[in-house]
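Data file: query.pdb. Format and content: PDB, C-alpha atoms and all ligand atoms.
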MODEL        1
ATOM      1  CA  MET N   1     -33.182  -2.056  -4.199
ATOM      2  CA  THR N   2     -31.298  -4.905  -2.498
ATOM      3  CA  LEU N   3     -29.067  -3.895   0.375
ATOM      4  CA  ARG N   4     -25.679  -5.619   0.154
ATOM      5  CA  LEU N   5     -25.591  -6.693   3.831
ATOM      6  CA  GLU N   6     -29.320  -7.139   4.422
ATOM      7  CA  GLY N   7     -29.878  -9.284   7.523
ATOM      8  CA  LYS N   8     -26.172  -9.625   8.341
ATOM      9  CA  LYS N   9     -24.684  -9.100  11.808
ATOM     10  CA  ALA N  10     -21.257  -7.461  11.915
ATOM     11  CA  LEU N  11     -18.830  -6.725  14.726
ATOM     12  CA  ILE N  12     -16.349  -3.924  13.984
ATOM     13  CA  THR N  13     -13.383  -3.112  16.231
ATOM     14  CA  GLY N  14     -11.903   0.386  16.324
ATOM     15  CA  ALA N  15     -15.371   1.554  15.277
ATOM     16  CA  GLY N  16     -15.258   4.802  17.265
ATOM     17  CA  SER N  17     -13.045   6.672  14.789
ATOM     18  CA  GLY N  18     -11.527   6.839  11.322
ATOM     19  CA  ILE N  19     -11.681   3.815   9.022
ATOM     20  CA  GLY N  20     -13.674   1.690  11.502
ATOM     21  CA  GLY N  21     -16.262   4.453  11.818
ATOM     22  CA  ALA N  22     -16.584   4.770   8.040
ATOM     23  CA  ILE N  23     -17.049   0.988   7.736
ATOM     24  CA  ALA N  24     -19.746   1.062  10.430
ATOM     25  CA  GLU N  25     -21.659   3.859   8.656
ATOM     26  CA  LEU N  26     -21.535   2.088   5.305
ATOM     27  CA  PHE N  27     -22.459  -1.332   6.718
ATOM     28  CA  ALA N  28     -25.470   0.172   8.543
ATOM     29  CA  ARG N  29     -26.614   1.858   5.310
ATOM     30  CA  GLU N  30     -26.263  -1.520   3.559
ATOM     31  CA  GLY N  31     -28.569  -3.245   6.029
ATOM     32  CA  ALA N  32     -26.308  -4.806   8.692
ATOM     33  CA  ASP N  33     -26.969  -4.774  12.418
ATOM     34  CA  LEU N  34     -23.785  -3.887  14.237
ATOM     35  CA  ALA N  35     -21.713  -4.383  17.364
ATOM     36  CA  LEU N  36     -19.242  -1.504  17.617
ATOM     37  CA  LEU N  37     -16.204  -2.178  19.784
ATOM     38  CA  ASP N  38     -13.708   0.482  20.837
ATOM     39  CA  MET N  39     -11.490   1.533  23.728
ATOM     40  CA  ASP N  40     -12.990   5.011  23.555
ATOM     41  CA  ALA N  41     -16.272   4.353  25.396
ATOM     42  CA  ASP N  42     -17.794   7.837  24.919
ATOM     43  CA  ALA N  43     -17.030   7.913  21.203
ATOM     44  CA  VAL N  44     -18.535   4.496  20.545
ATOM     45  CA  ASP N  45     -21.631   5.096  22.722
ATOM     46  CA  GLN N  46     -22.485   8.343  20.944
ATOM     47  CA  PHE N  47     -21.706   6.880  17.533
ATOM     48  CA  ALA N  48     -23.937   3.828  18.139
ATOM     49  CA  LEU N  49     -26.857   6.086  19.120
ATOM     50  CA  LYS N  50     -26.334   8.279  16.053
ATOM     51  CA  LEU N  51     -26.114   5.306  13.684
ATOM     52  CA  GLU N  52     -29.257   3.702  15.121
ATOM     53  CA  ALA N  53     -31.117   6.994  14.604
ATOM     54  CA  ASP N  54     -29.716   7.667  11.113
ATOM     55  CA  ALA N  55     -29.755   4.163   9.597
ATOM     56  CA  GLY N  56     -32.442   2.460  11.679
ATOM     57  CA  ARG N  57     -30.217  -0.566  12.349
ATOM     58  CA  ARG N  58     -29.395  -2.170  15.691
ATOM     59  CA  CYS N  59     -26.039  -0.806  16.959
ATOM     60  CA  VAL N  60     -24.609  -2.286  20.153
ATOM     61  CA  PRO N  61     -21.668  -0.373  21.703
ATOM     62  CA  LEU N  62     -18.945  -2.476  23.328
ATOM     63  CA  HIS N  63     -16.091  -1.078  25.420
ATOM     64  CA  ALA N  64     -12.827  -3.020  25.366
ATOM     65  CA  ASP N  65      -9.130  -2.913  24.704
ATOM     66  CA  VAL N  66      -8.446  -5.660  22.147
ATOM     67  CA  THR N  67      -5.330  -6.658  24.097
ATOM     68  CA  ASP N  68      -7.533  -7.914  26.963
ATOM     69  CA  ALA N  69      -8.465 -11.444  25.833
ATOM     70  CA  ALA N  70     -10.929 -12.128  28.675
ATOM     71  CA  ARG N  71     -12.767  -8.842  28.121
ATOM     72  CA  ILE N  72     -12.919  -9.536  24.368
ATOM     73  CA  GLN N  73     -14.532 -12.941  25.039
ATOM     74  CA  ASP N  74     -17.160 -11.184  27.221
ATOM     75  CA  CYS N  75     -17.841  -8.538  24.589
ATOM     76  CA  PHE N  76     -18.308 -11.108  21.819
ATOM     77  CA  ALA N  77     -20.702 -13.076  24.047
ATOM     78  CA  GLN N  78     -22.612  -9.819  24.655
ATOM     79  CA  ALA N  79     -22.731  -9.131  20.905
ATOM     80  CA  ILE N  80     -24.049 -12.636  20.149
ATOM     81  CA  ASP N  81     -26.682 -12.242  22.904
ATOM     82  CA  ALA N  82     -27.824  -8.940  21.451
ATOM     83  CA  LEU N  83     -27.627  -9.721  17.705
ATOM     84  CA  GLY N  84     -28.138 -13.500  17.673
ATOM     85  CA  ARG N  85     -24.853 -14.230  15.873
ATOM     86  CA  ILE N  86     -21.811 -12.612  14.224
ATOM     87  CA  ASP N  87     -21.572 -13.163  10.461
ATOM     88  CA  ILE N  88     -18.876 -10.584   9.801
ATOM     89  CA  LEU N  89     -15.872  -9.504  11.860
ATOM     90  CA  ILE N  90     -13.898  -6.401  10.862
ATOM     91  CA  ASN N  91     -10.649  -5.975  12.797
ATOM     92  CA  CYS N  92      -9.807  -2.294  12.526
ATOM     93  CA  ALA N  93      -8.498  -1.318  15.986
ATOM     94  CA  GLY N  94      -4.841  -0.418  15.588
ATOM     95  CA  VAL N  95      -2.115   1.953  16.728
ATOM     96  CA  ASN N  96       0.785   3.684  15.006
ATOM     97  CA  VAL N  97       4.050   2.955  16.795
ATOM     98  CA  PHE N  98       6.894   4.575  14.819
ATOM     99  CA  ARG N  99      10.285   4.512  16.603
ATOM    100  CA  ASP N 100      14.027   4.399  16.050
ATOM    101  CA  PRO N 101      14.869   0.664  16.474
ATOM    102  CA  LEU N 102      17.893   1.417  18.657
ATOM    103  CA  THR N 103      15.997   3.504  21.219
ATOM    104  CA  LEU N 104      12.734   1.530  21.076
ATOM    105  CA  GLN N 105      11.390   0.770  24.560
ATOM    106  CA  ALA N 106      10.147  -2.751  25.319
ATOM    107  CA  ALA N 107       6.741  -1.301  26.249
ATOM    108  CA  ASP N 108       6.389   0.249  22.776
ATOM    109  CA  TRP N 109       7.271  -3.036  21.064
ATOM    110  CA  ASP N 110       4.735  -4.832  23.261
ATOM    111  CA  ARG N 111       1.959  -2.289  22.662
ATOM    112  CA  CYS N 112       2.528  -2.351  18.895
ATOM    113  CA  LEU N 113       2.463  -6.137  18.598
ATOM    114  CA  ASP N 114      -0.259  -6.585  21.231
ATOM    115  CA  VAL N 115      -2.781  -4.208  19.652
ATOM    116  CA  ASN N 116      -2.016  -4.660  15.952
ATOM    117  CA  LEU N 117      -1.465  -8.437  15.905
ATOM    118  CA  ARG N 118      -2.336 -10.294  19.094
ATOM    119  CA  GLY N 119      -5.501  -8.185  19.566
ATOM    120  CA  VAL N 120      -6.735  -9.267  16.139
ATOM    121  CA  TRP N 121      -6.168 -12.886  17.087
ATOM    122  CA  HIS N 122      -8.102 -12.341  20.343
ATOM    123  CA  CYS N 123     -11.075 -11.090  18.318
ATOM    124  CA  ILE N 124     -10.924 -13.809  15.666
ATOM    125  CA  SER N 125     -10.630 -16.537  18.286
ATOM    126  CA  ALA N 126     -13.632 -15.074  20.123
ATOM    127  CA  ALA N 127     -15.709 -15.075  16.915
ATOM    128  CA  LEU N 128     -14.579 -18.427  15.483
ATOM    129  CA  PRO N 129     -16.548 -20.909  17.653
ATOM    130  CA  SER N 130     -19.935 -19.449  16.725
ATOM    131  CA  MET N 131     -18.904 -18.901  13.079
ATOM    132  CA  LEU N 132     -17.722 -22.511  12.841
ATOM    133  CA  ALA N 133     -20.940 -23.752  14.434
ATOM    134  CA  ALA N 134     -22.884 -21.803  11.781
ATOM    135  CA  GLY N 135     -20.491 -22.868   8.996
ATOM    136  CA  TYR N 136     -20.450 -19.221   7.909
ATOM    137  CA  GLY N 137     -18.256 -16.195   8.615
ATOM    138  CA  HIS N 138     -16.341 -13.438   6.853
ATOM    139  CA  VAL N 139     -13.344 -11.808   8.543
ATOM    140  CA  VAL N 140     -11.629  -8.691   7.202
ATOM    141  CA  ASN N 141      -8.459  -7.449   8.894
ATOM    142  CA  ILE N 142      -7.266  -3.893   8.318
ATOM    143  CA  ALA N 143      -3.537  -4.296   7.678
ATOM    144  CA  SER N 144      -1.473  -1.592   5.911
ATOM    145  CA  VAL N 145       0.919  -0.846   3.049
ATOM    146  CA  HIS N 146       3.446  -1.134   5.896
ATOM    147  CA  GLY N 147       2.679  -4.874   5.663
ATOM    148  CA  HIS N 148       4.158  -4.855   2.136
ATOM    149  CA  LYS N 149       6.750  -2.087   1.963
ATOM    150  CA  ILE N 150       9.093  -0.505   4.466
ATOM    151  CA  ILE N 151       9.051   3.229   5.136
ATOM    152  CA  PRO N 152      12.183   4.168   7.133
ATOM    153  CA  GLY N 153      11.415   5.487  10.619
ATOM    154  CA  SER N 154       8.267   3.431  11.152
ATOM    155  CA  PHE N 155       9.615   0.464  13.172
ATOM    156  CA  PRO N 156       8.077  -1.760  14.611
ATOM    157  CA  TYR N 157       4.648  -1.052  13.027
ATOM    158  CA  PRO N 158       5.566  -2.908   9.775
ATOM    159  CA  VAL N 159       6.548  -5.975  11.810
ATOM    160  CA  ALA N 160       3.028  -6.176  13.215
ATOM    161  CA  LYS N 161       1.337  -5.473   9.879
ATOM    162  CA  HIS N 162       3.439  -8.095   8.020
ATOM    163  CA  GLY N 163       2.404 -10.483  10.794
ATOM    164  CA  LEU N 164      -1.237  -9.523  10.363
ATOM    165  CA  ILE N 165      -1.127 -10.383   6.653
ATOM    166  CA  GLY N 166       0.475 -13.716   7.622
ATOM    167  CA  LEU N 167      -2.293 -14.313  10.170
ATOM    168  CA  THR N 168      -4.887 -13.545   7.490
ATOM    169  CA  ARG N 169      -3.433 -16.008   4.990
ATOM    170  CA  SER N 170      -2.863 -18.690   7.575
ATOM    171  CA  LEU N 171      -6.353 -18.591   9.102
ATOM    172  CA  GLY N 172      -7.987 -18.182   5.702
ATOM    173  CA  ILE N 173      -6.549 -21.538   4.691
ATOM    174  CA  GLU N 174      -7.110 -23.178   8.069
ATOM    175  CA  TYR N 175     -10.898 -22.649   8.022
ATOM    176  CA  ALA N 176     -11.740 -22.393   4.296
ATOM    177  CA  SER N 177     -13.391 -25.808   4.146
ATOM    178  CA  ARG N 178     -15.664 -24.895   7.065
ATOM    179  CA  GLY N 179     -17.285 -21.796   5.572
ATOM    180  CA  ILE N 180     -15.006 -19.105   6.969
ATOM    181  CA  ARG N 181     -13.159 -16.590   4.785
ATOM    182  CA  VAL N 182     -10.347 -14.413   6.129
ATOM    183  CA  ASN N 183      -8.986 -11.519   4.054
ATOM    184  CA  SER N 184      -7.179  -8.271   4.716
ATOM    185  CA  ILE N 185      -7.077  -4.774   3.311
ATOM    186  CA  SER N 186      -3.858  -2.759   3.168
ATOM    187  CA  PRO N 187      -4.605   0.951   3.050
ATOM    188  CA  GLY N 188      -2.037   3.570   2.143
ATOM    189  CA  LEU N 189      -2.262   6.958   3.818
ATOM    190  CA  ILE N 190      -5.923   7.616   4.660
ATOM    191  CA  MET N 191      -7.023  10.892   6.223
ATOM    192  CA  THR N 192      -8.332   9.811   9.647
ATOM    193  CA  PRO N 193      -7.907  11.292  13.157
ATOM    194  CA  ALA N 194      -4.824   9.059  13.617
ATOM    195  CA  ALA N 195      -3.297  10.346  10.369
ATOM    196  CA  GLU N 196      -4.140  13.942  11.386
ATOM    197  CA  ARG N 197      -2.355  13.365  14.731
ATOM    198  CA  TRP N 198       0.696  12.042  12.907
ATOM    199  CA  LEU N 199       0.741  15.020  10.518
ATOM    200  CA  ALA N 200       0.378  17.415  13.462
ATOM    201  CA  SER N 201       3.471  15.853  15.038
ATOM    202  CA  CYS N 202       5.609  16.691  11.970
ATOM    203  CA  PRO N 203       7.788  19.825  12.095
ATOM    204  CA  ASP N 204       5.823  21.417   9.213
ATOM    205  CA  PRO N 205       2.398  19.682   9.005
ATOM    206  CA  ALA N 206       1.189  21.576   5.919
ATOM    207  CA  ALA N 207       4.376  20.814   3.992
ATOM    208  CA  GLU N 208       4.246  17.148   5.030
ATOM    209  CA  ARG N 209       0.578  16.873   3.957
ATOM    210  CA  GLN N 210       1.519  18.286   0.537
ATOM    211  CA  ARG N 211       4.577  15.996   0.288
ATOM    212  CA  GLN N 212       2.421  12.950   1.074
ATOM    213  CA  ALA N 213      -0.165  13.924  -1.554
ATOM    214  CA  ASP N 214       2.596  14.495  -4.117
ATOM    215  CA  LEU N 215       4.012  10.992  -3.486
ATOM    216  CA  LEU N 216       0.704   9.448  -4.554
ATOM    217  CA  PRO N 217       0.121   8.744  -8.266
ATOM    218  CA  GLY N 218      -3.306  10.454  -8.096
ATOM    219  CA  LYS N 219      -1.841  13.384  -6.114
ATOM    220  CA  ARG N 220      -4.341  13.062  -3.284
ATOM    221  CA  ILE N 221      -4.600  11.292   0.076
ATOM    222  CA  GLY N 222      -7.231   8.542   0.542
ATOM    223  CA  GLU N 223     -10.549   8.882   2.376
ATOM    224  CA  PRO N 224     -11.925   6.455   5.011
ATOM    225  CA  SER N 225     -15.017   5.766   2.876
ATOM    226  CA  GLU N 226     -12.741   4.471   0.090
ATOM    227  CA  VAL N 227     -11.489   1.745   2.448
ATOM    228  CA  ALA N 228     -15.023   1.116   3.698
ATOM    229  CA  TYR N 229     -16.286   0.229   0.197
ATOM    230  CA  ALA N 230     -13.546  -2.403  -0.138
ATOM    231  CA  ALA N 231     -14.443  -3.821   3.280
ATOM    232  CA  LEU N 232     -18.093  -3.941   2.203
ATOM    233  CA  PHE N 233     -17.229  -6.008  -0.864
ATOM    234  CA  LEU N 234     -14.887  -8.395   0.978
ATOM    235  CA  ALA N 235     -17.365  -8.856   3.850
ATOM    236  CA  SER N 236     -20.288  -9.555   1.526
ATOM    237  CA  ASP N 237     -21.306 -12.757  -0.232
ATOM    238  CA  GLU N 238     -20.269 -11.086  -3.509
ATOM    239  CA  ALA N 239     -16.676 -11.976  -2.520
ATOM    240  CA  ARG N 240     -17.456 -15.569  -1.575
ATOM    241  CA  PHE N 241     -14.555 -17.046  -3.618
ATOM    242  CA  ILE N 242     -12.028 -14.502  -2.318
ATOM    243  CA  ASN N 243     -10.076 -15.910   0.606
ATOM    244  CA  ALA N 244      -6.682 -15.660   2.328
ATOM    245  CA  THR N 245      -5.669 -12.640   0.300
ATOM    246  CA  ASP N 246      -4.867  -8.973   0.786
ATOM    247  CA  LEU N 247      -6.208  -5.980  -1.126
ATOM    248  CA  LEU N 248      -3.968  -2.900  -1.424
ATOM    249  CA  ILE N 249      -5.800   0.430  -1.381
ATOM    250  CA  ASP N 250      -3.075   3.010  -1.821
ATOM    251  CA  GLY N 251      -3.835   4.744  -5.101
ATOM    252  CA  GLY N 252      -1.052   2.669  -6.690
ATOM    253  CA  ARG N 253       1.794   4.231  -4.681
ATOM    254  CA  SER N 254       3.370   0.938  -3.622
ATOM    255  CA  GLN N 255       3.872  -0.103  -7.269
ATOM    256  CA  ILE N 256       6.356   2.730  -7.836
ATOM    257  CA  TYR N 257      10.003   1.699  -7.489
ATOM    258  CA  HIS N 258      11.461   5.228  -7.589
ATOM    259  CA  ASP N 259       9.694   8.478  -8.423
TER     260      ASP N 259
HETATM  261  P1  LIG D 301      -8.014   5.923  14.391
HETATM  262  O1  LIG D 301      -8.672   7.098  13.742
HETATM  263  O2  LIG D 301      -7.086   6.165  15.534
HETATM  264  O3  LIG D 301      -9.111   4.871  14.825
HETATM  265  C1  LIG D 301      -8.736   3.710  15.499
HETATM  266  C2  LIG D 301      -9.756   3.419  16.586
HETATM  267  O4  LIG D 301      -9.330   2.199  17.243
HETATM  268  C3  LIG D 301      -9.820   4.519  17.650
HETATM  269  O5  LIG D 301     -11.154   4.758  18.059
HETATM  270  C4  LIG D 301      -9.005   3.898  18.793
HETATM  271  O6  LIG D 301      -9.382   4.362  20.085
HETATM  272  C5  LIG D 301      -9.340   2.426  18.637
HETATM  273  N1  LIG D 301      -8.340   1.603  19.285
HETATM  274  C6  LIG D 301      -6.994   1.792  19.303
HETATM  275  N2  LIG D 301      -6.407   0.844  20.029
HETATM  276  C7  LIG D 301      -7.383   0.047  20.493
HETATM  277  C8  LIG D 301      -7.406  -1.097  21.316
HETATM  278  N3  LIG D 301      -6.277  -1.578  21.841
HETATM  279  N4  LIG D 301      -8.583  -1.680  21.597
HETATM  280  C9  LIG D 301      -9.737  -1.174  21.101
HETATM  281  N5  LIG D 301      -9.783  -0.080  20.329
HETATM  282  C10 LIG D 301      -8.629   0.531  20.017
HETATM  283  O7  LIG D 301      -7.158   5.105  13.305
HETATM  284  P2  LIG D 301      -7.381   4.824  11.737
HETATM  285  O8  LIG D 301      -6.401   5.675  11.010
HETATM  286  O9  LIG D 301      -8.807   4.845  11.376
HETATM  287  O10 LIG D 301      -6.797   3.340  11.666
HETATM  288  C11 LIG D 301      -7.635   2.196  11.687
HETATM  289  C12 LIG D 301      -6.838   0.987  11.229
HETATM  290  O11 LIG D 301      -6.348   1.206   9.914
HETATM  291  C13 LIG D 301      -5.615   0.673  12.098
HETATM  292  O12 LIG D 301      -5.482  -0.711  12.225
HETATM  293  C14 LIG D 301      -4.463   1.253  11.286
HETATM  294  O13 LIG D 301      -3.257   0.584  11.564
HETATM  295  C15 LIG D 301      -4.955   0.973   9.880
HETATM  296  N6  LIG D 301      -4.365   1.843   8.854
HETATM  297  C16 LIG D 301      -4.576   3.176   8.855
HETATM  298  C17 LIG D 301      -4.016   3.960   7.856
HETATM  299  C18 LIG D 301      -4.201   5.449   7.787
HETATM  300  O14 LIG D 301      -3.485   6.103   7.005
HETATM  301  N7  LIG D 301      -5.128   6.029   8.530
HETATM  302  C19 LIG D 301      -3.235   3.360   6.862
HETATM  303  C20 LIG D 301      -3.036   1.989   6.909
HETATM  304  C21 LIG D 301      -3.606   1.226   7.905
HETATM  305  P3  LIG D 301      -8.589   5.628  20.706
HETATM  306  O15 LIG D 301      -8.950   6.800  19.820
HETATM  307  O16 LIG D 301      -9.106   5.717  22.100
HETATM  308  O17 LIG D 301      -7.125   5.279  20.612
ENDMDL
END
Written form, structure tokens:
Amino acid sequence: MTLRLEGKKALITGAGSGIGGAIAELFAREGADLALLDMDADAVDQFALKLEADAGRRCVPLHADVTDAARIQDCFAQAIDALGRIDILINCAGVNVFRDPLTLQAADWDRCLDVNLRGVWHCISAALPSMLAAGYGHVVNIASVHGHKIIPGSFPYPVAKHGLIGLTRSLGIEYASRGIRVNSISPGLIMTPAAERWLASCPDPAAERQRQADLLPGKRIGEPSEVAYAALFLASDEARFINATDLLIDGGRSQIYHD
């Protein structure tokens, strides 16, 4: 059986939890060696050890906040030292910042835009020189349905995610003739630790979970592995003519005008 990422080297940000963790597990099973970057050093260290043991692939843990451009440059250099190169970059690190626009603090605006948009640019710009030298690279950014539709009460997260889709399209075109593809995935609600934290913050978490499931055409919330399979396809050579586009994974919810 041919593994879909046999021999590939992938760096995944936000790999210590949720969607990033599911992508790391699937990529390791499909034959990739990995660099796993996260702010949560303990989580990513333990996860890298577990993945190496379970999948038998090289897994290098990297500790960084994606907002720290200098640290990101160091981490990417470390990853290239350890793995030889980076063929695939998955930008998954992200934060939910949902505020009332009128009472939004400047620090919250900055954190939202810095992690969800500027941080992705830090990672892409750290990966680009070696990808361009190789004439080969696949980038997948994890955006959101919030990059397409507006859910009241979620400002300024949609601003960052719209920007991330713009970044994806722009860089996809910029480097297409030099062997680099840049795409994004826009998940709907996916049951991850971040989504669990958000549900727990609601006045009636069980009722909100049910309401969210009922809003979805398939009447169920998405799973991290369902995003991971899309990332696998987009990051593989199977998707070699897919560039500068975004793939919605929301069970069809965003196509509904009014329920
Ligand atoms: P998650 O469970 O919180 O996982 C995100 C991981 O990224 C965590 O390990 C987190 O570390 C890390 N991280 C956060 N900020 C970072 C930073 N500045 N630098 C480095 N690492 C950082 O979240 P998730 O739900 O899997 O979300 C992953 C991505 O999918 C995000 O970009 C999110 O916007 C997007 N998304 C999620 C959903 C959903 O419903 N879950 C829907 C659409 C889009 P800490 O735990 O230490 O914070």
Using all atoms listed in the file, which of N:Val95, N:Ile86, N:Leu51, N:Leu36 sits nearest ligand LIG 301 (chain D)?
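Among the listed residues, the smallest separation from ligand LIG 301 (chain D) belongs to N:Val95.
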7 Å from ligand LIG 301 (chain D) is the threshold here; counting only C-alpha atoms and all ligand atoms, which polymer residues fall inside it? Answer as a ChimeraX atom specification.
/N:13-20,37-40,64-67,92-96,115-116,142-145,186-195
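Here the question is which of N:Gly222, N:Gly21, N:Gly119, N:Gly84 gets nearest to N:Asp68 using all atoms listed in the file, and that residue is N:Gly119.
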Within 10 Å of N:Tyr136 using all atoms listed in the file, minus same-chain residues under 5 positions, as a PyMOL selection string
chain N and resi 86-88+128+130-131+176+178-181
Kindly provide, as a ChimeraX atom specification, the polymer residues lying within 9 Å of (-9.4, -17.7, -2.3), counting all atoms listed in the file and using the coordinates exactly as they appear in the file.
/N:172-173,176,181,183,240-245
Out of N:Val227, N:Leu3, N:Ala55, N:Ala10, which residue has the shortest atom-to-atom distance to N:Gly137 when counting only C-alpha atoms?
N:Ala10
